[in-house]
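Student: The structure's right below; bear with me while I get my questions together.
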Amino acid sequence: MRRSTDPVVVMARPKILVFQHVPYEPLGTLNPLLKEAGFRIRYVNFGREPDARPSLDGYEALIILGGPMNTDEIDAFPNLLTEVAVIREAVDRGKSVLGICLGAQLLAKALGGSVARNVTREIGWYDVCLTDDGRKDPVLSTFTAEQKVFQWHEDGIQLPPGAVHLAESELSAVQAFRHGEQAYGFQFHLEVDRSLIERWLTVPANQATLQDEAGRIDPDEIRKQIAASIDDLQRLSRDTFSRWIQRFEISPRRRRLPSR
């Protein structure tokens, strides 16, 4: 018989902190996977709260999403400095970190890498090639050696010191990297689905970029490629993000039941 003072293992629902910059760049396909795994999600929307300085206490992981701004636009977006500091703290504390697009660039800067404008924007469907380390990586090895993914970025990453180079493309030397065992940066967008791509193609904030790329990037052609590529991307998204989630090492907390 269990005594009233015996400790009882209670599985606390782990919490994840998410940095969001604009409403049209959400967690996407990551959201249901995190919820199915039992995670509680707290968003910090820097578009609405530019002065926020969130604490990492109580959170198992940090996810930094994409956004239309560049990492050096600190005069217009001073929250970028805050984010870099919090990301560095998260890495130092051994928390799991995932940066997507702008988030990957901020992760790179936090780790001592750099970010600069690419010669050519990648918007639409592009092939990404794994490096030798990428093929052995416990998360990215879900990819084929050459994998078509969705992209929307104009800046590129110079690998931070000590980081492991996982993937590249013809236009971006660093498409994915890992720092240590817990921090990952992805330039590409595995989190998109059909509706999110359509939203990005039509949201007013993206129209100037699409007009600037008229003749080279065709929104209608991107839409046509959705039918051929979205199912594979959805499977890849589920498999890759699931592996990232499975890498969490979450210990149950113990408490004592009150005496009767």
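Following the order of the structure tokens, first chain is A, next is B, and so on, with residues numbered from 1 inside each chain and ligands from 1 in the order they appear.
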Just the residues within 12 Å of Phe248 of chain A, please, counting only C-alpha atoms, with nothing from its chain fewer than 5 positions along; format it as a ChimeraX atom specification.

Tutor: /A:14-16,34,37,39,59-62,94-97,181-183,241-243

Student: Mind giving me the straight-line distance from atom CA of Leu30 of chain A to atom CA of Phe186 of chain A in Å, one decimal?

Tutor: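 Result for atom CA of Leu30 of chain A versus atom CA of Phe186 of chain A: 13.5 Å, one decimal.
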
Student: Under the rule that only C-alpha atoms are counted, which of A:Trp125, A:Trp200, A:Phe177, A:Phe143 is the nearest residue to Val22 of chain A?

Tutor: A:Trp200

Student: For Pro161 of chain A, which residue among A:Ala108, A:Leu210, A:Leu201, A:Val119 is the nearest when counting only C-alpha atoms?

Tutor: A:Ala108

Student: Within segment 146-214 of chain A, find each residue whose DSSP state, derived from the backbone, is helix (DSSP H, G or I), and express the selection as a PyMOL selection string.

Tutor: chain A and resi 194-202+204-212

Student: Of the residues A:His179, A:His189, A:His153, A:Lys224, which is the one nearest to Thr240 of chain A, using only C-alpha atoms?

Tutor: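 Smallest distance to Thr240 of chain A is found for A:His189.
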
Student: Running DSSP on the backbone, which parts of segment 159-209 of chain A land in strand (DSSP E or B), as a PyMOL selection string?

Tutor: chain A and resi 164-168+176-179+183-186

Student: Pick from A:Phe188, A:Phe77, A:Trp152, A:Phe19: nearest to Ile41 of chain A, with only C-alpha atoms counted?

Tutor: A:Phe19

Student: Got a sec: who's within 8 Å of Asn70 of chain A, counting only C-alpha atoms, leaving out chain neighbours fewer than 3 positions off, as a list in words?

Tutor: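 Within the cut-off, the hits are Glu73, Leu102 and Asp155 of chain A.
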
Student: Please dump the current selection as a tab-separated table (two decimals), in the first residue's frame; keep C-alpha atoms.

Tutor:
```
chain	number	residue	atom	x	y	z
A	73	GLU	CA	16.99	46.71	-38.65
A	102	LEU	CA	14.53	35.15	-39.57
A	155	ASP	CA	19.38	37.20	-46.49
```

Student: Between A:Asp92, A:Glu154, A:Asp132, A:Glu49, which has the minimum distance to Asn79 of chain A (counting only C-alpha atoms)?

Tutor: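 Comparing A:Asp92, A:Glu154, A:Asp132, A:Glu49 against Asn79 of chain A, the winner is A:Glu49.
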
Student: Could you make a table, as a Markdown table, of the residues of segment 5-50 of chain A that have an atom within 12 Å of an atom of segment 190-193 of chain A, each with its nearest atom pair and distance in Å to one decimal, counting only C-alpha atoms, in chain and number order?

Tutor:
```
| residue | atom | partner | partner_atom | distance |
| --- | --- | --- | --- | --- |
| A:Tyr24 | CA | A:Val192 | CA | 10.8 |
| A:Glu25 | CA | A:Val192 | CA | 9.0 |
| A:Pro26 | CA | A:Glu191 | CA | 8.4 |
| A:Leu27 | CA | A:Glu191 | CA | 6.5 |
| A:Gly28 | CA | A:Glu191 | CA | 5.0 |
| A:Thr29 | CA | A:Glu191 | CA | 4.8 |
| A:Leu30 | CA | A:Glu191 | CA | 6.0 |
| A:Asn31 | CA | A:Glu191 | CA | 8.8 |
| A:Pro32 | CA | A:Glu191 | CA | 10.8 |
| A:Leu33 | CA | A:Glu191 | CA | 10.7 |
```

Student: List the neighbours of Leu65 of chain A out to 7 Å using only C-alpha atoms; skip same-chain residues closer than 2 positions along the sequence, and give me the result as a list of chain:residue names.

Tutor: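 The residues that qualify are A:Phe19, A:Gln20, A:Glu25, A:Ile63, A:Gly67, A:Gly99, A:Ile100, A:Cys101, A:Leu102, A:Gly103.
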
Student: Convert the current residue selection to file output with C-alpha atoms, as a short mmCIF file (atom, residue, chain, number, x, y, z; two decimals), in the first residue's frame.

Tutor:
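Resulting contents of result_37.cif:
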```cif
data_model
loop_
_atom_site.label_atom_id
_atom_site.label_comp_id
_atom_site.auth_asym_id
_atom_site.auth_seq_id
_atom_site.Cartn_x
_atom_site.Cartn_y
_atom_site.Cartn_z
CA PHE A 19 8.75 34.50 -30.62
CA GLN A 20 6.43 35.77 -33.36
CA GLU A 25 4.03 33.87 -39.92
CA ILE A 63 11.08 28.73 -31.11
CA GLY A 67 9.34 37.82 -40.36
CA GLY A 99 14.97 29.20 -35.42
CA ILE A 100 13.03 29.40 -38.69
CA CYS A 101 14.10 31.83 -41.45
CA LEU A 102 14.53 35.15 -39.57
CA GLY A 103 14.67 33.00 -36.44
#
```

Student: Nearest to Ile64 of chain A: which of A:Arg42, A:His21, A:Arg88, A:Arg48 is it, counting only C-alpha atoms?

Tutor: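 Nearest to Ile64 of chain A: A:His21.
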
Student: I'd like the interatomic distance between atom CA of Val44 of chain A and atom CA of Glu122 of chain A, to a tenth of an Å.

Tutor: 27.2 Å

Student: List the spatial neighbours of Val115 of chain A as a list in words - criterion: any atom at most 8 Å away, only C-alpha atoms, same-chain residues fewer than 5 positions off excluded.

Tutor: Thr71, Gln105, Ala108, Lys109, Asp155, Gly156, Ile157 and Gln158 of chain A
